[in-house]
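Q: mmCIF, C-alpha atoms, saved as final_19.cif, coming up:
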data_model
loop_
_atom_site.label_atom_id
_atom_site.label_comp_id
_atom_site.auth_asym_id
_atom_site.auth_seq_id
_atom_site.Cartn_x
_atom_site.Cartn_y
_atom_site.Cartn_z
CA MET A 1 -10.62 17.71 2.49
CA PHE A 2 -7.27 16.92 0.85
CA GLU A 3 -6.35 17.96 -2.69
CA LEU A 4 -3.83 16.00 -4.74
CA PRO A 5 -1.68 17.53 -7.51
CA PRO A 6 -3.26 17.78 -10.98
CA PRO A 7 -2.38 15.21 -13.66
CA ALA A 8 1.04 15.74 -15.19
CA GLU A 9 -0.22 15.42 -18.75
CA GLN A 10 -3.17 14.14 -20.74
CA PRO A 11 -3.02 11.30 -23.29
CA PRO A 12 -4.25 11.77 -26.86
CA GLY A 13 -7.96 11.18 -27.37
CA SER A 14 -7.48 8.76 -30.27
CA SER A 15 -6.73 5.87 -27.88
CA GLU A 16 -10.22 6.21 -26.42
CA ILE A 17 -11.71 5.69 -29.88
CA GLU A 18 -9.60 2.58 -30.41
CA LEU A 19 -10.57 1.22 -27.00
CA ASP A 20 -14.24 1.93 -27.61
CA ARG A 21 -14.12 -0.05 -30.86
CA SER A 22 -12.45 -3.01 -29.18
CA LEU A 23 -15.27 -3.23 -26.64
CA GLU A 24 -17.75 -3.94 -29.43
CA TRP A 25 -16.44 -7.50 -29.68
CA LEU A 26 -17.08 -8.34 -26.02
CA PRO A 27 -20.16 -9.92 -24.44
CA VAL A 28 -22.87 -7.30 -23.98
CA GLU A 29 -22.75 -7.26 -20.17
CA THR A 30 -18.96 -6.95 -20.05
CA SER A 31 -18.94 -4.20 -22.66
CA LYS A 32 -21.67 -2.33 -20.77
CA ILE A 33 -19.70 -2.35 -17.49
CA LEU A 34 -16.45 -1.23 -19.11
CA ARG A 35 -18.22 1.53 -21.03
CA ARG A 36 -19.83 2.76 -17.82
CA ALA A 37 -16.38 2.91 -16.25
CA LEU A 38 -15.07 4.91 -19.21
CA GLU A 39 -17.97 7.33 -18.78
CA GLY A 40 -16.95 7.88 -15.15
CA SER A 41 -19.96 6.11 -13.65
CA ASP A 42 -19.82 4.41 -10.27
CA LEU A 43 -19.64 0.64 -10.64
CA SER A 44 -21.65 -1.33 -8.10
CA ALA A 45 -20.22 -4.17 -6.02
CA GLU A 46 -22.10 -6.60 -8.26
CA GLU A 47 -20.58 -5.09 -11.42
CA LEU A 48 -17.09 -5.15 -9.91
CA THR A 49 -17.61 -8.79 -8.94
CA THR A 50 -18.47 -9.60 -12.56
CA LEU A 51 -15.15 -8.12 -13.65
CA PHE A 52 -13.18 -10.45 -11.38
CA ALA A 53 -14.48 -13.41 -13.41
CA LEU A 54 -13.31 -12.12 -16.81
CA GLU A 55 -10.89 -14.25 -18.77
CA GLY A 56 -9.03 -14.16 -22.06
CA VAL A 57 -9.86 -11.28 -24.40
CA ALA A 58 -12.35 -9.83 -21.92
CA SER A 59 -9.65 -9.72 -19.23
CA ASP A 60 -7.32 -7.99 -21.69
CA ALA A 61 -10.02 -5.40 -22.38
CA LEU A 62 -10.34 -4.81 -18.63
CA LEU A 63 -6.60 -4.11 -18.37
CA ALA A 64 -6.72 -1.81 -21.39
CA THR A 65 -9.65 0.11 -19.91
CA ALA A 66 -7.82 0.46 -16.61
CA HIS A 67 -4.68 1.69 -18.35
CA PHE A 68 -6.64 4.30 -20.30
CA LEU A 69 -8.34 5.54 -17.11
CA ARG A 70 -4.96 5.67 -15.38
CA THR A 71 -3.53 7.94 -18.09
CA GLN A 72 -6.63 10.11 -17.92
CA ALA A 73 -6.15 10.46 -14.16
CA VAL A 74 -2.40 10.94 -13.80
CA GLY A 75 -0.86 11.12 -17.25
CA GLN A 76 2.07 9.07 -18.50
CA ILE A 77 4.28 9.25 -15.43
CA CYS A 78 4.70 6.47 -12.90
CA THR A 79 6.02 7.30 -9.46
CA TYR A 80 8.12 5.89 -6.64
CA ILE A 81 9.29 7.20 -3.27
CA VAL A 82 12.67 6.94 -1.55
CA ASN A 83 11.78 5.69 1.91
CA ARG A 84 12.67 3.26 4.65
CA ASN A 85 10.51 0.77 6.50
CA ILE A 86 11.28 0.40 10.19
CA ASN A 87 9.42 -2.45 11.90
CA PHE A 88 10.73 -1.91 15.40
CA THR A 89 9.44 -5.07 17.11
CA ASN A 90 8.03 -8.44 16.12
CA ILE A 91 6.61 -9.15 19.57
CA CYS A 92 2.81 -9.10 19.30
CA TYR A 93 -0.29 -10.11 21.21
CA ASN A 94 -2.51 -10.71 18.19
CA HIS A 95 -1.10 -13.81 16.45
CA CYS A 96 -3.14 -13.26 13.26
CA HIS A 97 -3.40 -16.41 11.19
CA PHE A 98 -1.96 -14.77 8.07
CA CYS A 99 1.09 -13.33 9.86
CA ALA A 100 4.48 -15.05 9.97
CA TYR A 101 6.21 -11.96 11.36
CA SER A 102 5.03 -11.86 14.98
CA ARG A 103 6.76 -13.76 17.78
CA PRO A 104 5.95 -14.28 21.46
CA ARG A 105 8.17 -12.47 23.91
CA SER A 106 9.72 -15.81 24.93
CA SER A 107 10.89 -16.62 21.40
CA GLY A 108 14.59 -16.57 20.61
CA GLU A 109 13.67 -14.73 17.39
CA ALA A 110 11.85 -11.90 19.19
CA PHE A 111 13.37 -8.42 19.01
CA SER A 112 12.61 -4.83 19.96
CA LEU A 113 14.44 -1.69 18.89
CA SER A 114 14.86 1.24 21.24
CA ALA A 115 13.79 4.72 20.20
CA ASP A 116 17.49 5.63 19.78
CA GLU A 117 17.99 2.69 17.41
CA VAL A 118 14.95 3.71 15.35
CA LEU A 119 16.32 7.26 15.20
CA ARG A 120 19.68 5.95 13.96
CA LEU A 121 17.96 4.08 11.13
CA ALA A 122 15.87 7.13 10.27
CA LYS A 123 18.99 9.34 10.16
CA GLU A 124 20.80 6.84 7.95
CA ALA A 125 17.81 6.73 5.59
CA HIS A 126 17.72 10.53 5.44
CA GLU A 127 21.41 10.61 4.54
CA LEU A 128 20.66 8.13 1.75
CA GLY A 129 18.03 10.44 0.29
CA ALA A 130 14.86 9.15 1.94
CA THR A 131 11.99 11.62 2.25
CA GLU A 132 9.88 9.25 4.37
CA VAL A 133 10.22 6.71 7.15
CA CYS A 134 7.39 4.21 7.54
CA ILE A 135 7.13 2.97 11.11
CA GLN A 136 4.83 0.21 12.35
CA ALA A 137 5.27 -2.94 14.39
CA GLY A 138 3.71 -5.56 16.63
CA LEU A 139 1.73 -4.92 19.80
CA SER A 140 4.40 -5.66 22.35
CA PRO A 141 3.70 -5.90 26.10
CA GLU A 142 7.20 -4.46 26.60
CA LEU A 143 5.98 -1.09 25.29
CA ASP A 144 3.33 1.34 26.47
CA ALA A 145 1.11 3.96 24.88
CA SER A 146 3.74 6.68 25.30
CA PHE A 147 6.24 4.97 22.98
CA TYR A 148 4.85 6.16 19.65
CA PRO A 149 4.41 9.84 20.60
CA ARG A 150 7.88 9.85 22.19
CA LEU A 151 9.37 8.20 19.10
CA CYS A 152 7.77 10.77 16.81
CA ARG A 153 9.09 13.64 18.93
CA ILE A 154 12.62 12.21 18.91
CA ILE A 155 12.63 11.78 15.12
CA ARG A 156 11.05 15.16 14.46
CA LYS A 157 13.56 16.96 16.71
CA SER A 158 16.51 15.51 14.77
CA LEU A 159 14.98 15.33 11.28
CA ALA A 160 12.72 18.31 10.76
CA ASP A 161 12.04 17.66 7.07
CA ILE A 162 11.46 13.90 6.93
CA HIS A 163 7.88 12.64 6.61
CA ILE A 164 6.88 10.32 9.45
CA HIS A 165 4.38 7.77 8.15
CA GLY A 166 3.44 5.40 10.93
CA CYS A 167 1.18 3.80 13.52
CA SER A 168 -1.32 1.54 11.78
CA PRO A 169 -5.04 1.62 12.68
CA GLN A 170 -4.52 -1.57 14.70
CA GLU A 171 -1.81 0.14 16.73
CA VAL A 172 -3.93 3.27 17.20
CA VAL A 173 -6.85 1.25 18.60
CA HIS A 174 -4.59 -0.79 20.88
CA TRP A 175 -2.49 2.06 22.27
CA SER A 176 -5.42 4.45 22.69
CA ARG A 177 -7.11 1.80 24.83
CA GLU A 178 -3.93 1.26 26.82
CA ALA A 179 -3.73 5.01 27.41
CA GLY A 180 -7.40 5.27 28.38
CA ARG A 181 -7.97 7.85 25.66
CA THR A 182 -10.29 8.21 22.70
CA ILE A 183 -9.03 7.48 19.21
CA ARG A 184 -9.25 11.18 18.37
CA GLU A 185 -7.26 12.16 21.46
CA TYR A 186 -4.51 9.64 20.73
CA LEU A 187 -4.29 10.59 17.06
CA SER A 188 -4.14 14.25 18.00
CA GLU A 189 -1.25 13.55 20.36
CA LEU A 190 0.56 11.67 17.59
CA LYS A 191 0.04 14.55 15.19
CA ASP A 192 1.25 17.09 17.73
CA SER A 193 4.31 14.88 18.30
CA GLY A 194 5.31 14.97 14.64
CA LEU A 195 3.36 12.18 12.89
CA ASP A 196 2.48 13.24 9.33
CA SER A 197 0.35 10.38 8.00
CA LEU A 198 -0.87 6.85 8.76
CA PRO A 199 -0.54 3.62 6.77
CA GLY A 200 -3.99 2.25 5.99
CA THR A 201 -2.96 -1.29 6.83
CA SER A 202 -4.90 -3.60 9.18
CA ALA A 203 -7.71 -3.40 6.63
CA GLU A 204 -7.30 -6.94 5.28
CA ILE A 205 -10.87 -7.55 4.01
CA LEU A 206 -13.40 -5.12 5.46
CA ASP A 207 -15.89 -7.80 6.41
CA ASP A 208 -16.18 -8.92 10.01
CA GLY A 209 -17.05 -12.51 9.08
CA ILE A 210 -13.78 -12.86 7.18
CA ARG A 211 -11.85 -11.03 9.88
CA ALA A 212 -13.19 -13.38 12.57
CA ILE A 213 -11.54 -16.28 10.75
CA ILE A 214 -8.21 -14.84 9.62
CA SER A 215 -7.53 -12.43 12.50
CA PRO A 216 -9.95 -12.93 15.42
CA ARG A 217 -8.09 -10.51 17.71
CA ARG A 218 -7.81 -7.80 15.09
CA LEU A 219 -9.79 -4.56 15.15
CA SER A 220 -13.25 -4.62 13.56
CA THR A 221 -14.30 -3.06 10.27
CA GLN A 222 -16.05 -0.31 12.23
CA GLU A 223 -12.93 0.41 14.29
CA TRP A 224 -10.71 0.54 11.20
CA THR A 225 -13.13 2.93 9.57
CA GLN A 226 -13.31 5.08 12.72
CA VAL A 227 -9.51 5.41 12.93
CA ILE A 228 -9.20 6.31 9.25
CA GLU A 229 -12.10 8.75 9.27
CA THR A 230 -10.87 10.44 12.45
CA ALA A 231 -7.33 10.72 11.08
CA HIS A 232 -8.62 12.39 7.93
CA LEU A 233 -10.84 14.78 9.87
CA ILE A 234 -7.95 16.05 12.02
CA GLY A 235 -5.64 16.47 9.04
CA LEU A 236 -3.70 13.19 8.94
CA PRO A 237 -3.87 11.62 5.47
CA THR A 238 -3.66 7.84 5.12
CA THR A 239 -3.22 5.14 2.56
CA ALA A 240 -5.86 2.47 1.93
CA THR A 241 -5.10 -1.22 1.47
CA ILE A 242 -6.69 -4.60 0.84
CA MET A 243 -5.08 -7.93 1.75
CA TYR A 244 -6.62 -10.47 -0.61
CA GLY A 245 -6.17 -13.92 -2.08
CA HIS A 246 -7.01 -16.20 0.85
CA ILE A 247 -10.54 -17.24 1.91
CA GLU A 248 -12.49 -14.26 0.57
CA ARG A 249 -14.63 -14.42 -2.57
CA PRO A 250 -14.50 -11.72 -5.29
CA LEU A 251 -17.70 -10.18 -3.91
CA PHE A 252 -15.87 -9.35 -0.68
CA ARG A 253 -13.09 -7.61 -2.61
CA ALA A 254 -15.71 -5.63 -4.52
CA ARG A 255 -17.51 -4.58 -1.33
CA HIS A 256 -14.17 -3.57 0.17
CA LEU A 257 -13.51 -1.27 -2.80
CA VAL A 258 -16.95 0.32 -2.48
CA HIS A 259 -16.39 0.84 1.26
CA VAL A 260 -13.09 2.61 0.58
CA ARG A 261 -14.68 4.71 -2.18
CA ASP A 262 -17.53 5.81 0.08
CA LEU A 263 -15.13 6.70 2.88
CA GLN A 264 -12.96 8.75 0.52
CA ARG A 265 -15.99 10.74 -0.57
CA ARG A 266 -16.77 11.58 3.04
CA THR A 267 -13.25 12.66 4.00
CA GLY A 268 -10.92 12.94 0.98
CA GLY A 269 -7.92 11.76 2.99
CA PHE A 270 -6.68 8.69 1.10
CA THR A 271 -3.49 9.34 -0.87
CA GLU A 272 -3.39 5.94 -2.58
CA PHE A 273 -4.89 2.46 -2.74
CA VAL A 274 -2.57 -0.53 -2.36
CA PRO A 275 -3.63 -4.11 -3.14
CA LEU A 276 -1.55 -6.52 -1.06
CA SER A 277 -1.75 -10.17 -2.08
CA LEU A 278 -1.37 -12.83 0.58
CA VAL A 279 2.13 -14.26 0.96
CA ALA A 280 1.59 -17.57 2.68
CA ASP A 281 4.72 -19.70 2.39
CA ALA A 282 5.58 -19.39 6.08
CA THR A 283 2.31 -18.48 7.77
CA ASP A 284 2.02 -21.86 9.51
CA ALA A 285 5.53 -21.69 10.94
CA GLN A 286 4.34 -20.63 14.36
CA GLY A 287 1.74 -23.40 14.75
CA ARG A 288 -1.31 -21.27 13.99
CA PRO A 289 -4.60 -23.20 13.99
CA VAL A 290 -5.75 -21.77 10.63
CA ARG A 291 -3.58 -22.31 7.58
CA LEU A 292 -4.20 -19.66 4.92
CA ASN A 293 -3.25 -20.68 1.40
CA ARG A 294 -2.52 -18.25 -1.41
CA ALA A 295 -5.42 -18.68 -3.84
CA LEU A 296 -4.10 -16.44 -6.63
CA GLN A 297 -2.67 -16.59 -10.12
CA ILE A 298 -0.82 -13.70 -11.76
CA THR A 299 -4.00 -12.90 -13.72
CA ASP A 300 -5.84 -12.41 -10.42
CA VAL A 301 -3.20 -9.90 -9.31
CA LEU A 302 -3.49 -8.00 -12.58
CA LYS A 303 -7.29 -7.91 -12.35
CA MET A 304 -7.20 -6.70 -8.74
CA HIS A 305 -5.18 -3.62 -9.69
CA ALA A 306 -7.22 -2.96 -12.82
CA ILE A 307 -10.56 -3.28 -11.02
CA ALA A 308 -9.30 -1.00 -8.25
CA ARG A 309 -8.66 1.63 -10.93
CA LEU A 310 -12.18 1.28 -12.33
CA ALA A 311 -13.78 1.35 -8.87
CA LEU A 312 -11.82 4.30 -7.50
CA GLN A 313 -11.03 6.32 -10.61
CA ARG A 314 -12.78 9.57 -9.62
CA ASP A 315 -11.81 9.40 -5.97
CA ILE A 316 -8.32 7.90 -5.49
CA PRO A 317 -6.12 8.59 -8.52
CA ASN A 318 -3.10 6.64 -7.26
CA ILE A 319 -3.04 2.83 -7.40
CA GLN A 320 0.17 1.31 -6.07
CA VAL A 321 1.58 -2.11 -6.94
CA SER A 322 3.82 -3.72 -4.32
CA TRP A 323 7.07 -5.02 -5.82
CA VAL A 324 7.72 -6.74 -2.48
CA LYS A 325 4.60 -8.86 -2.84
CA GLU A 326 4.56 -9.37 -6.61
CA GLY A 327 8.12 -8.92 -7.86
CA LEU A 328 9.17 -6.37 -10.46
CA GLU A 329 8.12 -8.43 -13.49
CA THR A 330 4.49 -8.72 -12.39
CA ALA A 331 4.58 -5.14 -11.14
CA LYS A 332 5.58 -3.93 -14.61
CA VAL A 333 2.51 -5.59 -16.11
CA CYS A 334 0.32 -3.99 -13.44
CA LEU A 335 1.73 -0.61 -14.51
CA ARG A 336 0.25 -1.32 -17.95
CA GLY A 337 -3.08 -2.27 -16.40
CA GLY A 338 -4.15 0.55 -14.12
CA ALA A 339 -1.42 1.01 -11.51
CA ASN A 340 0.69 4.19 -11.53
CA ASP A 341 3.00 3.81 -8.52
CA LEU A 342 5.74 1.32 -7.59
CA GLY A 343 5.89 2.19 -3.91
CA GLY A 344 9.16 2.77 -2.13
CA THR A 345 12.77 1.73 -1.98
CA LEU A 346 11.97 0.36 1.54
CA MET A 347 15.61 -0.45 2.46
CA ASN A 348 14.23 -2.87 5.07
CA GLU A 349 11.06 -4.95 4.89
CA SER A 350 10.40 -7.48 7.61
CA ILE A 351 6.74 -8.46 7.39
CA SER A 352 6.38 -9.84 3.85
CA SER A 353 9.85 -11.38 3.89
CA SER A 354 8.94 -13.22 7.11
CA ALA A 355 5.96 -14.72 5.32
CA GLY A 356 8.13 -16.02 2.49
CA ALA A 357 8.29 -13.17 -0.03
CA THR A 358 11.43 -13.64 -2.14
CA ASN A 359 11.70 -10.26 -3.86
CA GLY A 360 14.18 -8.69 -1.44
CA GLU A 361 13.95 -5.76 0.93
CA LEU A 362 15.54 -2.98 -1.14
CA LYS A 363 15.02 -1.68 -4.64
CA ARG A 364 17.40 1.09 -5.68
CA PRO A 365 15.94 4.15 -7.43
CA CYS A 366 17.76 3.18 -10.63
CA GLU A 367 16.02 -0.21 -10.58
CA LEU A 368 12.61 1.34 -10.05
CA ARG A 369 13.19 3.83 -12.87
CA ALA A 370 14.26 1.01 -15.19
CA ALA A 371 11.14 -1.00 -14.37
CA ILE A 372 8.90 1.99 -14.97
CA ARG A 373 10.51 2.69 -18.35
CA ALA A 374 10.19 -0.98 -19.31
CA ALA A 375 6.46 -0.65 -18.62
CA GLY A 376 6.26 2.26 -21.07
CA SER A 377 5.96 5.09 -18.56
CA VAL A 378 8.04 8.07 -17.50
CA PRO A 379 9.53 7.66 -13.99
CA ALA A 380 9.19 10.34 -11.35
CA GLN A 381 10.20 10.52 -7.70
CA ARG A 382 7.37 11.65 -5.42
CA ASP A 383 6.86 12.46 -1.78
CA THR A 384 4.30 10.79 0.50
CA LEU A 385 1.50 13.10 -0.66
CA TYR A 386 2.25 12.43 -4.35
CA ARG A 387 3.89 15.75 -5.03
CA ILE A 388 6.43 15.24 -7.81
CA LEU A 389 9.98 15.94 -6.66
CA ARG A 390 11.90 14.93 -9.78
CA ARG A 391 10.87 13.71 -13.20
CA PHE A 392 13.23 11.62 -15.34
CA ASP A 393 12.36 11.96 -19.02
CA ASP A 394 15.83 11.14 -20.37
CA PRO A 395 17.65 8.06 -19.00
CA ALA A 396 20.96 9.62 -20.05
CA GLU A 397 20.36 12.44 -17.59
CA ASP A 398 19.46 10.26 -14.60
CA PRO A 399 21.41 11.19 -11.47
CA VAL A 400 23.29 8.68 -9.37
CA ASP A 401 21.39 8.62 -6.08
CA PRO A 402 23.12 7.57 -2.86
CA LEU A 403 21.04 4.40 -2.76
CA ASP A 404 22.03 3.48 -6.32
CA ASN A 405 25.46 2.53 -5.00
CA MET A 406 23.98 0.06 -2.52
CA SER A 407 23.73 -3.62 -3.35
CA PRO A 408 20.16 -4.91 -3.25
CA GLY A 409 21.46 -8.19 -1.92
CA PRO A 410 19.50 -11.44 -1.59
CA PRO A 411 16.14 -11.73 0.21
CA GLY A 412 16.70 -11.01 3.86
CA HIS A 413 19.44 -8.45 3.16
CA THR A 414 19.27 -5.10 4.92
CA ILE A 415 21.50 -2.04 4.78
CA SER A 416 21.57 -1.89 8.55
CA PRO A 417 20.58 -5.16 10.22
CA LEU A 418 17.50 -4.90 12.39
#
Now, as a test, write the supplied structure out as structure tokens.

A:
Amino acid sequence: MFELPPPAEQPPGSSEIELDRSLEWLPVETSKILRRALEGSDLSAEELTTLFALEGVASDALLATAHFLRTQAVGQICTYIVNRNINFTNICYNHCHFCAYSRPRSSGEAFSLSADEVLRLAKEAHELGATEVCIQAGLSPELDASFYPRLCRIIRKSLADIHIHGCSPQEVVHWSREAGRTIREYLSELKDSGLDSLPGTSAEILDDGIRAIISPRRLSTQEWTQVIETAHLIGLPTTATIMYGHIERPLFRARHLVHVRDLQRRTGGFTEFVPLSLVADATDAQGRPVRLNRALQITDVLKMHAIARLALQRDIPNIQVSWVKEGLETAKVCLRGGANDLGGTLMNESISSSAGATNGELKRPCELRAAIRAAGSVPAQRDTLYRILRRFDDPAEDPVDPLDNMSPGPPGHTISPL
């Protein structure tokens, strides 16, 4: 079982009294659910589904409840990590209907990076202050099952202190099959090669009926769960995600949250939960037979993060909002409604930008700190396991980080072109 750091500070109790009084004006059923959350009770999938339908004052009360529970769990700080995303190939077998990133091998836009090129990008990130590299990519027929372990060994040999966060559950299932090994055997080899943690992507919606429509070649709910549970049991922590806002109904989001909560109670290995809204502007660019439309308003994004806080409050204290998906302005509101982490600097981000995200591929530490302060929180730099590395109480004393001198550039900009 994994143990996360204790909360940095506790908020004053008077805000709970004020919140409790405000709930008196809500419909009885809504007030009952929010009060149960404040008491620390488990909310059922049906109760969570009810919360997705709240509007107006009731929706505001949901966000206020989530914010109070966030401060109870982690205090007043909000975190970010200095990291780099390295998506080393866009060649992929799967052709998921929501993905605008993958390309066939024959495409003029297809690319693959060698292990030496990935190492160069990791070294550059380390020199710029990164504590983590996040590595995941498509399922390319040009690679084999030995690529990931070899890549981890190469990075670890040159960069002993950088955290290697990589190999999604989809990649684990695919490459373990290619190697003729069990999931546990392949994960153990990755760990022995230097992998430190896994991204909990490939989750989408944990319902096989939905998955059959949006990603028919993707791993099943059972396989995703098996990879995550096995990783936790052998000492590899993971994130947890949901990709929402397409064909699923709120009930499916609620069931997804309960599934993640139950899994966390069995293993304790999730470091964070990350809602990822669908970016769909370019998902039909490759002639996919199913066109997924983004069925979300900003209020839906805010409610998703707030409800995640209520559902997971006793089990996963860290709720991340993706500035890549939502933009910093929406992210700041999410930080006042249950979220407590802004994610990473990224430096490169190929998957969301391919789908049409317009929020860029790099946010400098100074920009993340400014956004956190604008949301009324105290910024802190963390590592992958949410250990606080630096806390920034006084803006006048902020350091100038190496990345702060980099230009964020327009969408599509990278520090080192992939």

Q: Residue by residue, what does the PyMOL selection byres ((chain A and resi 45-57) around 6) grab here? Present the result as an MDAnalysis selection string.

A: chainID A and resid 43:44 58:60 250:251 254:255

Q: I'd like the interatomic distance between CA of Ile77 (chain A) and CA of His165 (chain A), to a tenth of an Å.

A: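 Calculated distance between CA of Ile77 (chain A) and CA of His165 (chain A) is 23.6 Å.
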
Q: Given all atoms listed in the file as the basis, pick out the residue of A:Leu113, A:Val321, A:Leu310, A:Ile242 nearest to Gly40 (chain A).

A: A:Leu310

Q: For the structure provided, state which residues fall under the PyMOL selection byres ((chain A and resi 328-340) around 9), and present them as a PyMOL selection string.

A: chain A and resi 60+62-71+74+76-79+298+301-303+305-310+317-324+326-327+341-342+359+368+371-372+374-377

Q: Which value, in Å to one decimal, gives the distance between CA of Glu229 (chain A) and CA of Leu206 (chain A)?

A: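 A separation of 14.4 Å between them.
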
Q: Residues at most 12 Å from Glu24 (chain A), counting only C-alpha atoms, excluding those fewer than 4 positions away in the same chain, as a ChimeraX atom specification?

A: /A:17-20,28-32,34-35,57-58,61

Q: Just so I have it separately, write region 13-39 of chain A from the block I sent, keeping C-alpha atoms, as a compact mmCIF listing (two decimals), in the first residue's frame.

A:
# COMPACT_ATOMS: atom_id res chain seq x y z
CA GLY A 13 -13.46 25.33 10.89
CA SER A 14 -15.70 28.39 10.52
CA SER A 15 -16.02 27.85 6.75
CA GLU A 16 -17.69 24.50 7.40
CA ILE A 17 -20.37 26.25 9.47
CA GLU A 18 -20.99 28.76 6.69
CA LEU A 19 -21.19 26.00 4.09
CA ASP A 20 -23.55 23.97 6.24
CA ARG A 21 -25.91 26.94 6.53
CA SER A 22 -25.89 27.53 2.79
CA LEU A 23 -27.02 23.95 2.18
CA GLU A 24 -30.25 24.63 4.08
CA TRP A 25 -31.60 26.55 1.08
CA LEU A 26 -31.16 23.68 -1.38
CA PRO A 27 -33.66 20.99 -2.38
CA VAL A 28 -33.79 18.28 0.28
CA GLU A 29 -32.23 15.54 -1.87
CA THR A 30 -29.35 17.75 -3.02
CA SER A 31 -28.67 18.97 0.50
CA LYS A 32 -28.71 15.39 1.80
CA ILE A 33 -26.11 14.21 -0.74
CA LEU A 34 -23.78 17.14 -0.13
CA ARG A 35 -24.07 16.74 3.64
CA ARG A 36 -23.23 13.05 3.34
CA ALA A 37 -20.12 14.01 1.36
CA LEU A 38 -19.13 16.50 4.07
CA GLU A 39 -19.52 13.74 6.66
